[in-house]
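Data block for work27.cif (mmCIF, C-alpha atoms):
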data_target
#
loop_
_atom_site.group_PDB
_atom_site.id
_atom_site.type_symbol
_atom_site.label_atom_id
_atom_site.label_comp_id
_atom_site.auth_asym_id
_atom_site.auth_seq_id
_atom_site.Cartn_x
_atom_site.Cartn_y
_atom_site.Cartn_z
ATOM 1 C CA MET A 1 23.488 -11.091 41.378
ATOM 2 C CA GLU A 2 24.262 -10.483 37.729
ATOM 3 C CA GLU A 3 22.401 -12.103 34.901
ATOM 4 C CA TYR A 4 24.269 -12.504 31.663
ATOM 5 C CA HIS A 5 22.212 -13.190 28.554
ATOM 6 C CA SER A 6 23.921 -14.670 25.542
ATOM 7 C CA GLY A 7 22.947 -12.875 22.352
ATOM 8 C CA ASP A 8 23.055 -15.973 20.116
ATOM 9 C CA GLU A 9 19.336 -16.605 19.937
ATOM 10 C CA MET A 10 18.526 -12.981 19.323
ATOM 11 C CA SER A 11 20.494 -11.967 16.254
ATOM 12 C CA PHE A 12 19.998 -12.949 12.674
ATOM 13 C CA SER A 13 22.503 -15.348 11.113
ATOM 14 C CA PRO A 14 22.891 -14.534 7.408
ATOM 15 C CA ASP A 15 24.991 -17.647 6.769
ATOM 16 C CA GLU A 16 22.398 -20.003 8.113
ATOM 17 C CA ALA A 17 19.639 -18.271 6.166
ATOM 18 C CA SER A 18 21.746 -18.339 3.030
ATOM 19 C CA ASN A 19 22.134 -22.120 3.303
ATOM 20 C CA VAL A 20 18.410 -22.575 3.787
ATOM 21 C CA VAL A 21 17.721 -20.482 0.684
ATOM 22 C CA LYS A 22 20.269 -22.298 -1.485
ATOM 23 C CA GLU A 23 18.813 -25.675 -0.600
ATOM 24 C CA CYS A 24 15.301 -24.494 -1.414
ATOM 25 C CA ILE A 25 16.308 -23.084 -4.795
ATOM 26 C CA GLU A 26 18.284 -26.172 -5.762
ATOM 27 C CA GLY A 27 15.434 -28.416 -4.749
ATOM 28 C CA ILE A 28 12.894 -26.561 -6.872
ATOM 29 C CA ILE A 29 14.670 -25.319 -10.005
ATOM 30 C CA GLY A 30 17.965 -27.136 -9.711
ATOM 31 C CA GLY A 31 18.116 -28.933 -13.010
ATOM 32 C CA VAL A 32 15.392 -27.329 -15.129
ATOM 33 C CA ASP A 33 15.275 -24.786 -17.952
ATOM 34 C CA TYR A 34 13.217 -21.577 -17.903
ATOM 35 C CA SER A 35 9.606 -22.372 -18.662
ATOM 36 C CA GLN A 36 7.049 -19.557 -18.820
ATOM 37 C CA ASN A 37 4.101 -21.613 -17.707
ATOM 38 C CA LYS A 38 5.901 -23.037 -14.683
ATOM 39 C CA VAL A 39 7.737 -20.029 -13.394
ATOM 40 C CA ASN A 40 4.879 -18.673 -11.254
ATOM 41 C CA GLN A 41 4.671 -22.006 -9.508
ATOM 42 C CA TRP A 42 8.435 -22.018 -8.946
ATOM 43 C CA THR A 43 8.621 -18.562 -7.412
ATOM 44 C CA ALA A 44 5.680 -19.329 -5.122
ATOM 45 C CA SER A 45 7.257 -22.618 -4.012
ATOM 46 C CA ILE A 46 10.635 -21.047 -3.392
ATOM 47 C CA VAL A 47 9.280 -18.320 -1.134
ATOM 48 C CA GLU A 48 6.947 -20.660 0.737
ATOM 49 C CA HIS A 49 9.523 -23.373 1.385
ATOM 50 C CA THR A 50 12.144 -20.865 2.435
ATOM 51 C CA LEU A 51 9.736 -19.179 4.824
ATOM 52 C CA THR A 52 8.641 -22.494 6.333
ATOM 53 C CA GLN A 53 12.228 -23.571 6.946
ATOM 54 C CA LEU A 54 13.121 -20.241 8.532
ATOM 55 C CA VAL A 55 10.106 -20.251 10.829
ATOM 56 C CA LYS A 56 10.985 -23.804 11.946
ATOM 57 C CA GLN A 57 14.192 -22.426 13.436
ATOM 58 C CA GLY A 58 11.975 -21.011 16.156
ATOM 59 C CA LYS A 59 13.749 -17.664 16.511
ATOM 60 C CA PRO A 60 11.789 -14.557 17.574
ATOM 61 C CA PHE A 61 11.745 -12.917 14.143
ATOM 62 C CA LYS A 62 9.280 -11.705 11.544
ATOM 63 C CA TYR A 63 10.460 -12.685 8.052
ATOM 64 C CA ILE A 64 10.060 -11.348 4.522
ATOM 65 C CA VAL A 65 11.258 -13.540 1.653
ATOM 66 C CA ASN A 66 11.457 -12.068 -1.829
ATOM 67 C CA CYS A 67 12.266 -14.036 -5.002
ATOM 68 C CA ALA A 68 12.863 -12.835 -8.573
ATOM 69 C CA VAL A 69 13.369 -15.229 -11.503
ATOM 70 C CA MET A 70 14.509 -13.873 -14.841
ATOM 71 C CA GLN A 71 15.064 -15.510 -18.192
ATOM 72 C CA LYS A 72 18.605 -15.127 -19.535
ATOM 73 C CA SER A 73 18.208 -13.016 -22.621
ATOM 74 C CA GLY A 74 20.744 -10.238 -22.404
ATOM 75 C CA ALA A 75 18.533 -7.716 -20.622
ATOM 76 C CA GLY A 76 20.021 -5.781 -17.727
ATOM 77 C CA LEU A 77 18.494 -6.424 -14.305
ATOM 78 C CA HIS A 78 19.358 -4.359 -11.241
ATOM 79 C CA THR A 79 18.014 -4.686 -7.720
ATOM 80 C CA ALA A 80 18.540 -2.599 -4.595
ATOM 81 C CA ASN A 81 17.110 -2.517 -1.113
ATOM 82 C CA SER A 82 17.209 -0.172 1.802
ATOM 83 C CA CYS A 83 16.059 -0.874 5.351
ATOM 84 C CA TYR A 84 15.060 1.231 8.321
ATOM 85 C CA TRP A 85 15.338 -1.012 11.381
ATOM 86 C CA ASP A 86 17.333 -1.890 14.460
ATOM 87 C CA THR A 87 20.799 -2.734 13.160
ATOM 88 C CA THR A 88 21.768 -4.660 16.298
ATOM 89 C CA THR A 89 19.083 -7.325 15.946
ATOM 90 C CA ASP A 90 17.733 -7.228 12.388
ATOM 91 C CA GLY A 91 19.409 -8.383 9.204
ATOM 92 C CA SER A 92 19.092 -9.610 5.666
ATOM 93 C CA CYS A 93 20.765 -11.907 3.210
ATOM 94 C CA THR A 94 20.570 -12.168 -0.556
ATOM 95 C CA VAL A 95 21.362 -15.256 -2.614
ATOM 96 C CA ARG A 96 22.081 -15.027 -6.348
ATOM 97 C CA TRP A 97 21.773 -18.277 -8.288
ATOM 98 C CA GLU A 98 21.852 -19.102 -11.985
ATOM 99 C CA ASN A 99 21.818 -21.935 -14.437
ATOM 100 C CA ARG A 100 21.998 -22.052 -18.239
ATOM 101 C CA THR A 101 18.641 -20.384 -18.891
ATOM 102 C CA MET A 102 17.694 -18.312 -15.880
ATOM 103 C CA TYR A 103 18.787 -16.127 -12.981
ATOM 104 C CA CYS A 104 17.222 -16.376 -9.543
ATOM 105 C CA VAL A 105 17.677 -13.773 -6.790
ATOM 106 C CA VAL A 106 16.232 -14.465 -3.345
ATOM 107 C CA SER A 107 16.353 -11.958 -0.463
ATOM 108 C CA VAL A 108 15.470 -12.720 3.142
ATOM 109 C CA PHE A 109 14.798 -9.921 5.642
ATOM 110 C CA ALA A 110 14.504 -10.732 9.348
ATOM 111 C CA VAL A 111 13.106 -8.217 11.825
ATOM 112 C CA ALA A 112 13.296 -8.976 15.545
ATOM 113 C CA ILE A 113 10.098 -9.132 17.526
ATOM 114 C CA ALA A 114 10.201 -7.011 20.663
ATOM 115 C CA LEU A 115 9.525 -9.347 23.541
ATOM 116 C CA MET B 1 -14.757 3.474 31.448
ATOM 117 C CA ASP B 2 -14.061 2.274 27.932
ATOM 118 C CA GLU B 3 -11.046 3.424 26.022
ATOM 119 C CA ASP B 4 -11.311 3.177 22.299
ATOM 120 C CA GLN B 5 -7.959 3.820 20.756
ATOM 121 C CA SER B 6 -7.912 4.685 17.113
ATOM 122 C CA THR B 7 -5.423 2.509 15.280
ATOM 123 C CA GLU B 8 -4.852 4.915 12.412
ATOM 124 C CA GLU B 9 -1.413 5.834 13.573
ATOM 125 C CA THR B 10 -0.252 2.260 13.902
ATOM 126 C CA THR B 11 -1.473 0.416 10.809
ATOM 127 C CA PHE B 12 0.135 0.299 7.424
ATOM 128 C CA VAL B 13 -1.729 2.615 5.020
ATOM 129 C CA VAL B 14 -1.232 1.357 1.479
ATOM 130 C CA ASP B 15 -2.478 4.412 -0.422
ATOM 131 C CA GLU B 16 -0.279 6.858 1.368
ATOM 132 C CA ILE B 17 2.801 4.730 0.834
ATOM 133 C CA THR B 18 1.981 4.165 -2.846
ATOM 134 C CA THR B 19 1.868 7.915 -3.406
ATOM 135 C CA VAL B 20 5.218 8.431 -1.699
ATOM 136 C CA ILE B 21 6.857 5.757 -3.831
ATOM 137 C CA LYS B 22 5.400 6.961 -7.130
ATOM 138 C CA GLU B 23 6.754 10.430 -6.484
ATOM 139 C CA ALA B 24 10.197 9.065 -5.671
ATOM 140 C CA VAL B 25 10.321 6.997 -8.872
ATOM 141 C CA GLU B 26 8.948 9.751 -11.126
ATOM 142 C CA SER B 27 11.372 12.313 -9.851
ATOM 143 C CA THR B 28 14.379 10.017 -10.308
ATOM 144 C CA ILE B 29 13.810 8.264 -13.647
ATOM 145 C CA GLY B 30 10.686 10.035 -14.955
ATOM 146 C CA ASN B 31 11.753 10.732 -18.520
ATOM 147 C CA HIS B 32 14.957 8.838 -18.865
ATOM 148 C CA SER B 33 15.885 5.911 -21.072
ATOM 149 C CA TYR B 34 17.739 2.887 -19.782
ATOM 150 C CA GLN B 35 21.395 3.795 -19.274
ATOM 151 C CA HIS B 36 23.689 1.192 -17.858
ATOM 152 C CA ASN B 37 26.099 3.608 -16.253
ATOM 153 C CA LYS B 38 23.432 5.563 -14.411
ATOM 154 C CA ILE B 39 21.345 2.698 -13.053
ATOM 155 C CA ASN B 40 23.169 2.304 -9.761
ATOM 156 C CA GLN B 41 22.757 5.968 -8.981
ATOM 157 C CA TRP B 42 19.055 5.898 -9.881
ATOM 158 C CA MET B 43 18.386 2.880 -7.731
ATOM 159 C CA SER B 44 20.168 4.377 -4.729
ATOM 160 C CA ASN B 45 18.177 7.581 -5.156
ATOM 161 C CA ILE B 46 14.880 5.759 -5.391
ATOM 162 C CA VAL B 47 15.366 3.599 -2.307
ATOM 163 C CA GLU B 48 16.939 6.329 -0.233
ATOM 164 C CA SER B 49 14.402 9.030 -1.015
ATOM 165 C CA SER B 50 11.527 6.561 -0.531
ATOM 166 C CA LEU B 51 12.904 5.524 2.833
ATOM 167 C CA SER B 52 13.461 9.060 4.053
ATOM 168 C CA GLN B 53 9.929 10.105 3.028
ATOM 169 C CA LEU B 54 8.532 7.075 4.808
ATOM 170 C CA THR B 55 10.407 7.767 8.021
ATOM 171 C CA LYS B 56 9.182 11.370 7.898
ATOM 172 C CA LEU B 57 5.633 10.032 8.267
ATOM 173 C CA GLY B 58 6.622 9.453 11.877
ATOM 174 C CA LYS B 59 4.828 6.144 12.370
ATOM 175 C CA PRO B 60 6.155 3.409 14.683
ATOM 176 C CA PHE B 61 7.311 1.125 11.874
ATOM 177 C CA LYS B 62 10.456 -0.535 10.610
ATOM 178 C CA TYR B 63 10.626 -0.334 6.790
ATOM 179 C CA ILE B 64 12.207 -2.408 4.034
ATOM 180 C CA VAL B 65 12.241 -0.920 0.533
ATOM 181 C CA THR B 66 13.307 -3.023 -2.459
ATOM 182 C CA CYS B 67 13.669 -1.820 -6.028
ATOM 183 C CA ILE B 68 14.070 -3.770 -9.267
ATOM 184 C CA ILE B 69 14.926 -2.093 -12.564
ATOM 185 C CA LEU B 70 14.732 -4.112 -15.748
ATOM 186 C CA GLN B 71 15.598 -3.122 -19.278
ATOM 187 C CA LYS B 72 12.779 -3.781 -21.742
ATOM 188 C CA ASN B 73 13.954 -6.349 -24.205
ATOM 189 C CA GLY B 74 11.451 -9.160 -24.092
ATOM 190 C CA ALA B 75 12.882 -11.124 -21.179
ATOM 191 C CA GLY B 76 10.447 -12.625 -18.709
ATOM 192 C CA LEU B 77 10.699 -11.508 -15.092
ATOM 193 C CA HIS B 78 8.717 -13.036 -12.250
ATOM 194 C CA THR B 79 8.810 -12.047 -8.610
ATOM 195 C CA ALA B 80 7.130 -13.413 -5.503
ATOM 196 C CA SER B 81 7.330 -12.628 -1.827
ATOM 197 C CA SER B 82 6.132 -14.343 1.276
ATOM 198 C CA CYS B 83 5.923 -12.779 4.739
ATOM 199 C CA PHE B 84 5.715 -14.073 8.287
ATOM 200 C CA TRP B 85 4.425 -11.211 10.414
ATOM 201 C CA ASP B 86 1.517 -9.803 12.389
ATOM 202 C CA ASN B 87 -1.444 -9.503 10.003
ATOM 203 C CA THR B 88 -3.218 -6.888 12.059
ATOM 204 C CA THR B 89 -0.467 -4.283 12.023
ATOM 205 C CA ASP B 90 2.019 -5.073 9.266
ATOM 206 C CA GLY B 91 1.650 -4.666 5.523
ATOM 207 C CA SER B 92 3.274 -4.208 2.157
ATOM 208 C CA CYS B 93 2.684 -2.449 -1.097
ATOM 209 C CA THR B 94 4.207 -2.813 -4.529
ATOM 210 C CA VAL B 95 4.370 -0.135 -7.218
ATOM 211 C CA ARG B 96 4.973 -1.109 -10.849
ATOM 212 C CA TRP B 97 6.118 1.685 -13.127
ATOM 213 C CA GLU B 98 7.306 1.704 -16.718
ATOM 214 C CA ASN B 99 8.319 3.920 -19.552
ATOM 215 C CA LYS B 100 9.476 3.105 -23.099
ATOM 216 C CA THR B 101 12.724 1.407 -22.093
ATOM 217 C CA ILE B 102 12.559 0.599 -18.372
ATOM 218 C CA TYR B 103 10.403 -1.409 -15.992
ATOM 219 C CA CYS B 104 10.696 -0.427 -12.343
ATOM 220 C CA ILE B 105 9.171 -2.394 -9.475
ATOM 221 C CA VAL B 106 9.368 -0.993 -5.938
ATOM 222 C CA SER B 107 8.104 -2.923 -2.895
ATOM 223 C CA VAL B 108 7.721 -1.511 0.591
ATOM 224 C CA PHE B 109 7.264 -3.721 3.652
ATOM 225 C CA GLY B 110 6.245 -2.059 6.927
ATOM 226 C CA LEU B 111 6.588 -3.920 10.227
ATOM 227 C CA ALA B 112 5.117 -2.488 13.400
ATOM 228 C CA ILE B 113 7.478 -1.979 16.272
#
So, in terms of structure tokens, how does the structure I just supplied come out?
Amino acid sequence: MEEYHSGDEMSFSPDEASNVVKECIEGIIGGVDYSQNKVNQWTASIVEHTLTQLVKQGKPFKYIVNCAVMQKSGAGLHTANSCYWDTTTDGSCTVRWENRTMYCVVSVFAVAIAL
Amino acid sequence: MDEDQSTEETTFVVDEITTVIKEAVESTIGNHSYQHNKINQWMSNIVESSLSQLTKLGKPFKYIVTCIILQKNGAGLHTASSCFWDNTTDGSCTVRWENKTIYCIVSVFGLAI
């Protein structure tokens, strides 16, 4: 008797995560200008909301959500990341968003839990 | 018969990791000024050498290393991260480094296998 397990539940879907992230960003800083005294609140809200939405999906993953918000002022900003994990089950996605006065870069890393 | 297993090998040790990262950053961009055409190479070096030093530690962890390099010109930069993991075994550390023209922020997340 052969048992065939579908791999859908077990691998990370970057597209789905990307949509979750975009909605969170839009909902929090969608129409506002960079404001120094609010930005800490914004970054905290973005990472918390994104994490909550991802965990609600109920998949067997540990998550790391990283958010960087930068004022548009001509400075150069570069980011890179490197991961040592199981490439068959783990994954990441990065969303770059901007408006007139700021850039926002959110990265989600998902690492499968060994069951 | 009681078995008391030491968990040193399987928890995330912040100090050790911080040292590894600082060395990787210093050796790559230690004395240099911000140069647009070299940034990509520097960033790849930093994350790759950090990751290979971390894997050499031989611990049962998956690692994620992120690096941000920002030119100093008065812009505001804010970062936050939020993690859903096992508090007893997993951890992170962030190293902030700067010189006259560059800010460099490297974060390492370690997740127990």
As an exercise, work out the distance from CA of Gly30 (chain B) to CA of Tyr84 (chain A) in Å and give it to one decimal place.
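We find that CA of Gly30 (chain B) and CA of Tyr84 (chain A) lie 25.3 Å from each other.
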Residues picked by the PyMOL selection byres ((chain B and resi 86) around 12) here, as JSON, numbers by chain?
{"A": [61, 62, 63, 64, 111, 113], "B": [11, 12, 83, 84, 85, 87, 88, 89, 90, 91, 92, 110, 111, 112, 113]}
What are the residues of chain A that have an atom within 10 Å of an atom of chain B, counting only C-alpha atoms, as a PyMOL selection string?
chain A and resi 34-36+39-52+54-55+61-86+102-114
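Coordinates place CA of Thr89 (chain A) at a distance of 23.0 Å from CA of Lys22 (chain A).
The space between CA of Gly91 (chain A) and CA of Gly58 (chain B) spans 22.1 Å.
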